[in-house]
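J.: I'd like to ask some things about the structure below.
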2 protein chains.
Amino acid sequence: MLSRKTKYGLKALSYLAKREGNEPVQISVISEAENISQKFLESILLTLKKAGYLGAKKGKGGGYYLLEKSMDTPIASFYRVLEGPIAMVPCVSLNFYEKCEDCPDEDLCSVHSLMIQVRDNTLSILETTTLSDFVKNQLI
Amino acid sequence: MLSRKTKYGLKALSYLAKREGNEPVQISVISEAENISQKFLESILLTLKKAGYLGAKKGKGGGYYLLEKSMDTPIASFYRVLEGPIAMVPCVSLNFYEKCEDCPDEDLCSVHSLMIQVRDNTLSILETTTLSDFVKNQLI
DNA sequence: TGCAAACTCTACTAAATCGATAGGATAATA
DNA sequence: TATTATCCTATCGATTTAGTAGAGTTTGCA
């Protein structure tokens, strides 16, 4: 299940991506438009900024805006920053790998094999869908 | 992320599915073979029994065993019993649908559209892989 | 009949995570 | 210098997770 953090983060990104121009937008504007708690959104946007996907400007006329590369960034990247691993078990994670304590041999684990398939299928979507695609699709 | 409950449940099912014959197997045997806390596994197997996938026999020589239909049951069914929804957001769940409070129109939500794709991809694996397939694959 | 084996069931708990909220610090603008 | 808006740390209540404890029930067997 997607956490609210990730869902809100993606919705905020899509809000920024849909705008014409790239003027800074205040947190309060996004939070009202997308029905997200303002304080919660604050921390989410900060995370995305630290990860290098958003720029921020302080003071009057300030707010958050997309950095250039963000439109071509796959959703998978945002997902990993907000939610963490895409894989359903750490032992099949590409970016957050961890061995299972209970499993002596991954190659003999049915769960492992199946979850590799699920991971690859999910990745095929999340890695090929960029933020630009993400907002394009919904206009159809 | 898969909970331990689901992972352990699937491992126990696969343990039973790999056995020759279908004699009852004690919880303690499975828990040792798969390195799962016995008490925890107890409750998991009980859940699977109540859902109609396992039979149980009490007393000496007792234990859990697969019911006939279980070998042809898709992993998706076990998953739903153990973990809950397969979808990443309730608003795209087929079996556990819930409307998002924050979302006025699902058709205009980019997250919604994307998660439908992810769901369908994941389902295409979990619905077509039966318990029988599940243990067959790993022998290759 | 009586004992032991093994599942059944309820209740409880420690720890972690989630979804926020509070409030002050910092920086930019006018 | 006053205002605006992000930055940052800390805290908190509710929920979920991953168990644990312990008594109850059914079955097989001597």
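Chain labels follow the order of the structure tokens: the first chain is A, the next B, and so on; residue numbering restarts at 1 in every chain, and ligands are counted from 1 in their shown order.
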Just fit chain A onto chain B on all the Cα atoms, in order, by least squares, and give it as a PDB file with C-alpha atoms, in the first residue's frame.
T.:
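The file below, part-v6.pdb, is the result:
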```
ATOM      1  CA  MET A   1       6.126  -4.270   1.280  1.00  0.00           C
ATOM      2  CA  LEU A   2       5.027  -7.770   2.084  1.00  0.00           C
ATOM      3  CA  SER A   3       4.358  -8.324   5.777  1.00  0.00           C
ATOM      4  CA  ARG A   4       6.074 -11.223   7.494  1.00  0.00           C
ATOM      5  CA  LYS A   5       2.673 -12.752   7.950  1.00  0.00           C
ATOM      6  CA  THR A   6       2.162 -13.049   4.215  1.00  0.00           C
ATOM      7  CA  LYS A   7       5.701 -14.124   3.530  1.00  0.00           C
ATOM      8  CA  TYR A   8       5.539 -16.816   6.205  1.00  0.00           C
ATOM      9  CA  GLY A   9       2.135 -17.913   5.035  1.00  0.00           C
ATOM     10  CA  LEU A  10       3.328 -18.348   1.472  1.00  0.00           C
ATOM     11  CA  LYS A  11       6.431 -20.180   2.612  1.00  0.00           C
ATOM     12  CA  ALA A  12       4.334 -22.542   4.705  1.00  0.00           C
ATOM     13  CA  LEU A  13       2.001 -23.176   1.797  1.00  0.00           C
ATOM     14  CA  SER A  14       4.935 -23.863  -0.453  1.00  0.00           C
ATOM     15  CA  TYR A  15       6.380 -26.216   2.141  1.00  0.00           C
ATOM     16  CA  LEU A  16       3.165 -28.216   2.183  1.00  0.00           C
ATOM     17  CA  ALA A  17       2.874 -28.128  -1.591  1.00  0.00           C
ATOM     18  CA  LYS A  18       6.358 -29.515  -2.095  1.00  0.00           C
ATOM     19  CA  ARG A  19       5.751 -32.579   0.051  1.00  0.00           C
ATOM     20  CA  GLU A  20       4.969 -35.920  -1.431  1.00  0.00           C
ATOM     21  CA  GLY A  21       1.635 -37.146  -0.215  1.00  0.00           C
ATOM     22  CA  ASN A  22      -0.629 -34.993   1.872  1.00  0.00           C
ATOM     23  CA  GLU A  23      -0.242 -36.239   5.421  1.00  0.00           C
ATOM     24  CA  PRO A  24      -0.834 -33.662   8.161  1.00  0.00           C
ATOM     25  CA  VAL A  25       2.288 -31.771   9.170  1.00  0.00           C
ATOM     26  CA  GLN A  26       2.702 -30.282  12.618  1.00  0.00           C
ATOM     27  CA  ILE A  27       3.169 -26.557  12.991  1.00  0.00           C
ATOM     28  CA  SER A  28       6.441 -27.153  14.801  1.00  0.00           C
ATOM     29  CA  VAL A  29       7.856 -29.055  11.833  1.00  0.00           C
ATOM     30  CA  ILE A  30       7.037 -26.265   9.403  1.00  0.00           C
ATOM     31  CA  SER A  31       8.229 -23.558  11.753  1.00  0.00           C
ATOM     32  CA  GLU A  32      11.588 -25.260  12.152  1.00  0.00           C
ATOM     33  CA  ALA A  33      12.013 -26.007   8.476  1.00  0.00           C
ATOM     34  CA  GLU A  34      11.192 -22.449   7.463  1.00  0.00           C
ATOM     35  CA  ASN A  35      12.647 -20.600  10.454  1.00  0.00           C
ATOM     36  CA  ILE A  36       9.393 -19.077  11.546  1.00  0.00           C
ATOM     37  CA  SER A  37       8.299 -18.353  15.106  1.00  0.00           C
ATOM     38  CA  GLN A  38       5.994 -21.221  15.988  1.00  0.00           C
ATOM     39  CA  LYS A  39       3.337 -19.209  17.759  1.00  0.00           C
ATOM     40  CA  PHE A  40       3.197 -16.680  14.974  1.00  0.00           C
ATOM     41  CA  LEU A  41       2.906 -19.404  12.379  1.00  0.00           C
ATOM     42  CA  GLU A  42       0.101 -20.928  14.432  1.00  0.00           C
ATOM     43  CA  SER A  43      -2.093 -17.897  13.877  1.00  0.00           C
ATOM     44  CA  ILE A  44      -1.170 -17.677  10.219  1.00  0.00           C
ATOM     45  CA  LEU A  45      -2.096 -21.269   9.483  1.00  0.00           C
ATOM     46  CA  LEU A  46      -5.315 -20.823  11.380  1.00  0.00           C
ATOM     47  CA  THR A  47      -6.159 -17.906   9.124  1.00  0.00           C
ATOM     48  CA  LEU A  48      -5.488 -19.990   6.046  1.00  0.00           C
ATOM     49  CA  LYS A  49      -7.598 -22.784   7.461  1.00  0.00           C
ATOM     50  CA  LYS A  50     -10.528 -20.476   8.148  1.00  0.00           C
ATOM     51  CA  ALA A  51     -10.226 -19.149   4.620  1.00  0.00           C
ATOM     52  CA  GLY A  52     -10.680 -22.698   3.371  1.00  0.00           C
ATOM     53  CA  TYR A  53      -7.238 -23.413   1.990  1.00  0.00           C
ATOM     54  CA  LEU A  54      -5.921 -25.729   4.669  1.00  0.00           C
ATOM     55  CA  GLY A  55      -7.341 -28.649   6.602  1.00  0.00           C
ATOM     56  CA  ALA A  56      -6.308 -29.425  10.157  1.00  0.00           C
ATOM     57  CA  LYS A  57      -6.329 -32.511  12.275  1.00  0.00           C
ATOM     58  CA  LYS A  58      -6.018 -32.400  16.051  1.00  0.00           C
ATOM     59  CA  GLY A  59      -4.348 -34.866  18.367  1.00  0.00           C
ATOM     60  CA  LYS A  60      -1.529 -37.292  17.778  1.00  0.00           C
ATOM     61  CA  GLY A  61      -0.525 -37.565  14.166  1.00  0.00           C
ATOM     62  CA  GLY A  62      -2.366 -34.323  13.526  1.00  0.00           C
ATOM     63  CA  GLY A  63      -1.289 -31.158  11.807  1.00  0.00           C
ATOM     64  CA  TYR A  64      -2.114 -29.083   8.768  1.00  0.00           C
ATOM     65  CA  TYR A  65      -2.543 -30.268   5.212  1.00  0.00           C
ATOM     66  CA  LEU A  66      -3.518 -28.732   1.890  1.00  0.00           C
ATOM     67  CA  LEU A  67      -7.089 -28.993   0.725  1.00  0.00           C
ATOM     68  CA  GLU A  68      -7.483 -30.239  -2.811  1.00  0.00           C
ATOM     69  CA  LYS A  69      -8.375 -27.013  -4.510  1.00  0.00           C
ATOM     70  CA  SER A  70      -5.417 -25.221  -2.962  1.00  0.00           C
ATOM     71  CA  MET A  71      -2.899 -26.414  -5.536  1.00  0.00           C
ATOM     72  CA  ASP A  72      -4.920 -24.705  -8.245  1.00  0.00           C
ATOM     73  CA  THR A  73      -5.570 -21.566  -6.257  1.00  0.00           C
ATOM     74  CA  PRO A  74      -3.773 -18.464  -7.504  1.00  0.00           C
ATOM     75  CA  ILE A  75      -1.315 -16.763  -5.184  1.00  0.00           C
ATOM     76  CA  ALA A  76      -3.523 -13.680  -5.422  1.00  0.00           C
ATOM     77  CA  SER A  77      -6.144 -15.437  -3.295  1.00  0.00           C
ATOM     78  CA  PHE A  78      -3.720 -16.329  -0.543  1.00  0.00           C
ATOM     79  CA  TYR A  79      -2.319 -12.833  -0.724  1.00  0.00           C
ATOM     80  CA  ARG A  80      -5.704 -11.234  -0.170  1.00  0.00           C
ATOM     81  CA  VAL A  81      -6.392 -13.420   2.847  1.00  0.00           C
ATOM     82  CA  LEU A  82      -3.015 -12.801   4.451  1.00  0.00           C
ATOM     83  CA  GLU A  83      -2.098  -9.280   3.384  1.00  0.00           C
ATOM     84  CA  GLY A  84      -5.287  -7.670   2.186  1.00  0.00           C
ATOM     85  CA  PRO A  85      -5.581  -5.598  -0.990  1.00  0.00           C
ATOM     86  CA  ILE A  86      -3.148  -6.120  -3.837  1.00  0.00           C
ATOM     87  CA  ALA A  87      -3.694  -2.617  -5.164  1.00  0.00           C
ATOM     88  CA  MET A  88      -1.423   0.145  -3.930  1.00  0.00           C
ATOM     89  CA  VAL A  89      -4.273   2.542  -3.278  1.00  0.00           C
ATOM     90  CA  PRO A  90      -7.762   1.615  -2.089  1.00  0.00           C
ATOM     91  CA  CYS A  91      -9.345   3.579  -4.923  1.00  0.00           C
ATOM     92  CA  VAL A  92      -8.040   1.078  -7.489  1.00  0.00           C
ATOM     93  CA  SER A  93      -8.712  -2.046  -5.461  1.00  0.00           C
ATOM     94  CA  LEU A  94     -11.035  -4.585  -7.039  1.00  0.00           C
ATOM     95  CA  ASN A  95     -11.834  -6.426  -3.826  1.00  0.00           C
ATOM     96  CA  PHE A  96     -11.322  -3.748  -1.179  1.00  0.00           C
ATOM     97  CA  TYR A  97     -12.406  -0.581  -2.952  1.00  0.00           C
ATOM     98  CA  GLU A  98     -12.560   2.666  -1.000  1.00  0.00           C
ATOM     99  CA  LYS A  99     -12.933   6.176  -2.271  1.00  0.00           C
ATOM    100  CA  CYS A 100     -10.125   8.621  -1.480  1.00  0.00           C
ATOM    101  CA  GLU A 101     -11.337  11.451   0.717  1.00  0.00           C
ATOM    102  CA  ASP A 102      -9.022  13.942  -0.886  1.00  0.00           C
ATOM    103  CA  CYS A 103      -9.851  13.124  -4.476  1.00  0.00           C
ATOM    104  CA  PRO A 104     -12.945  14.727  -6.000  1.00  0.00           C
ATOM    105  CA  ASP A 105     -12.666  12.892  -9.332  1.00  0.00           C
ATOM    106  CA  GLU A 106     -10.773   9.653  -9.744  1.00  0.00           C
ATOM    107  CA  ASP A 107     -10.658   9.964 -13.495  1.00  0.00           C
ATOM    108  CA  LEU A 108      -8.670  13.160 -13.184  1.00  0.00           C
ATOM    109  CA  CYS A 109      -6.175  11.751 -10.703  1.00  0.00           C
ATOM    110  CA  SER A 110      -2.793  10.839 -12.130  1.00  0.00           C
ATOM    111  CA  VAL A 111      -2.007   8.593  -9.202  1.00  0.00           C
ATOM    112  CA  HIS A 112      -5.211   6.701  -9.784  1.00  0.00           C
ATOM    113  CA  SER A 113      -4.464   6.076 -13.459  1.00  0.00           C
ATOM    114  CA  LEU A 114      -0.924   4.953 -12.813  1.00  0.00           C
ATOM    115  CA  MET A 115      -1.860   2.653  -9.977  1.00  0.00           C
ATOM    116  CA  ILE A 116      -4.448   0.932 -12.152  1.00  0.00           C
ATOM    117  CA  GLN A 117      -1.636   0.002 -14.497  1.00  0.00           C
ATOM    118  CA  VAL A 118       0.527  -1.259 -11.651  1.00  0.00           C
ATOM    119  CA  ARG A 119      -2.367  -3.237 -10.240  1.00  0.00           C
ATOM    120  CA  ASP A 120      -3.140  -4.891 -13.555  1.00  0.00           C
ATOM    121  CA  ASN A 121       0.464  -5.839 -14.092  1.00  0.00           C
ATOM    122  CA  THR A 122       0.806  -7.306 -10.635  1.00  0.00           C
ATOM    123  CA  LEU A 123      -2.476  -9.126 -10.933  1.00  0.00           C
ATOM    124  CA  SER A 124      -1.428 -10.657 -14.231  1.00  0.00           C
ATOM    125  CA  ILE A 125       1.251 -12.479 -12.291  1.00  0.00           C
ATOM    126  CA  LEU A 126      -0.492 -13.227  -9.024  1.00  0.00           C
ATOM    127  CA  GLU A 127      -3.718 -14.393 -10.637  1.00  0.00           C
ATOM    128  CA  THR A 128      -2.066 -16.711 -13.128  1.00  0.00           C
ATOM    129  CA  THR A 129       0.459 -18.261 -10.764  1.00  0.00           C
ATOM    130  CA  THR A 130      -1.161 -21.068  -8.815  1.00  0.00           C
ATOM    131  CA  LEU A 131       0.339 -22.680  -5.752  1.00  0.00           C
ATOM    132  CA  SER A 132       1.280 -25.542  -8.022  1.00  0.00           C
ATOM    133  CA  ASP A 133       3.186 -23.189 -10.358  1.00  0.00           C
ATOM    134  CA  PHE A 134       4.630 -21.453  -7.357  1.00  0.00           C
ATOM    135  CA  VAL A 135       6.559 -24.503  -6.211  1.00  0.00           C
ATOM    136  CA  LYS A 136       7.199 -25.814  -9.700  1.00  0.00           C
ATOM    137  CA  ASN A 137       9.165 -22.803 -10.815  1.00  0.00           C
ATOM    138  CA  GLN A 138      11.724 -23.049  -8.103  1.00  0.00           C
ATOM    139  CA  LEU A 139      12.712 -26.600  -9.025  1.00  0.00           C
ATOM    140  CA  ILE A 140      13.989 -25.433 -12.383  1.00  0.00           C
TER     141      ILE A 140
END
```
J.: I need the strand (DSSP E or B) residues of segment 43-138 of chain A per DSSP on the backbone, written as a list in words.
T.: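 Taking segment 43-138 of chain A and keeping strand (DSSP E or B) gives Leu54, Gly55, Ala56, Lys57, Gly63, Tyr64, Tyr65, Leu66, Pro74 and Thr130 of chain A.
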J.: Wanna dump the chain C-chain B contacts at 10 Å for me, each residue with its shortest atom pair and the distance in Å to one decimal, counting only C-alpha atoms (C1' of nucleotides), ordered by chain and number, as a tab-separated table?
T.:
```
residue	atom	partner	partner_atom	distance
C:DA4	C1'	B:Lys60	CA	8.2
C:DA5	C1'	B:Lys60	CA	4.7
C:DA6	C1'	B:Gly59	CA	4.7
C:DC7	C1'	B:Lys58	CA	5.1
C:DT8	C1'	B:Leu46	CA	8.2
C:DC9	C1'	B:Ser43	CA	9.6
```
J.: Restricting the output to C-alpha atoms (C1' of nucleotides), write the selected residues as a compact mmCIF listing (two decimals), in the first residue's frame.
T.:
```txt
# COMPACT_ATOMS: atom_id res chain seq x y z
C1' DA C 4 -0.65 -36.90 25.88
C1' DA C 5 -0.41 -34.69 21.47
C1' DA C 6 -1.68 -31.02 18.66
C1' DC C 7 -4.70 -27.58 17.04
C1' DT C 8 -7.94 -23.46 18.73
C1' DC C 9 -8.80 -19.24 20.68
```
J.: Could the residues of chain C that have an atom at most 10 Å from segment 6-13 of chain D be listed as a Markdown table, each with its closest atom pair and the distance in Å to one decimal, counting only C-alpha atoms (C1' of nucleotides) and ordered by chain and ascending residue number?
T.:
```
| residue | atom | partner | partner_atom | distance |
| --- | --- | --- | --- | --- |
| C:DG19 | C1' | D:DG13 | C1' | 9.8 |
| C:DA20 | C1' | D:DC12 | C1' | 8.9 |
| C:DT21 | C1' | D:DC12 | C1' | 8.2 |
| C:DA22 | C1' | D:DT11 | C1' | 8.2 |
| C:DG23 | C1' | D:DA10 | C1' | 9.5 |
| C:DG24 | C1' | D:DC8 | C1' | 9.0 |
| C:DA25 | C1' | D:DC7 | C1' | 7.6 |
| C:DT26 | C1' | D:DC7 | C1' | 6.9 |
| C:DA27 | C1' | D:DT6 | C1' | 8.1 |
| C:DA28 | C1' | D:DT6 | C1' | 10.0 |
```
J.: Please return, as a list in words, all residues of chain D lying within 12 Å of chain B when only C-alpha atoms (C1' of nucleotides) are considered.
T.: DT16, DT17, DA18, DG19, DT20, DA21, DG22, DT25, DT26, DT27, DG28 and DC29 of chain D
J.: Please write the residues from the selection above to a file, keeping C-alpha atoms (C1' of nucleotides), as a PDB file, in the first residue's frame.
T.:
```
ATOM      1  C1'  DT D  16      -0.154  -1.823  12.776  1.00  0.00           C
ATOM      2  C1'  DT D  17       3.235  -5.386  13.231  1.00  0.00           C
ATOM      3  C1'  DA D  18       5.207  -9.306  15.022  1.00  0.00           C
ATOM      4  C1'  DG D  19       5.033 -11.655  18.109  1.00  0.00           C
ATOM      5  C1'  DT D  20       4.043 -14.121  23.323  1.00  0.00           C
ATOM      6  C1'  DA D  21       1.267 -16.288  27.052  1.00  0.00           C
ATOM      7  C1'  DG D  22      -1.737 -19.388  28.462  1.00  0.00           C
ATOM      8  C1'  DT D  25     -10.666 -28.333  22.910  1.00  0.00           C
ATOM      9  C1'  DT D  26     -10.352 -32.350  20.158  1.00  0.00           C
ATOM     10  C1'  DT D  27      -8.228 -36.655  18.855  1.00  0.00           C
ATOM     11  C1'  DG D  28      -5.607 -40.951  19.150  1.00  0.00           C
ATOM     12  C1'  DC D  29      -3.977 -44.523  21.800  1.00  0.00           C
TER      13       DC D  29
END
```
J.: Separation of atom C1' of DA14 of chain D and atom C1' of DA16 of chain C, in Å?
T.: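 Atom-to-atom, atom C1' of DA14 of chain D and atom C1' of DA16 of chain C are spaced 12.6 Å apart.
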J.: From a backbone DSSP assignment, name each residue in segment 9-133 of chain A labelled alpha helix (DSSP H), as a ChimeraX atom specification.
T.: /A:9-18,27-33,38-50,75-82,110-126,131-133
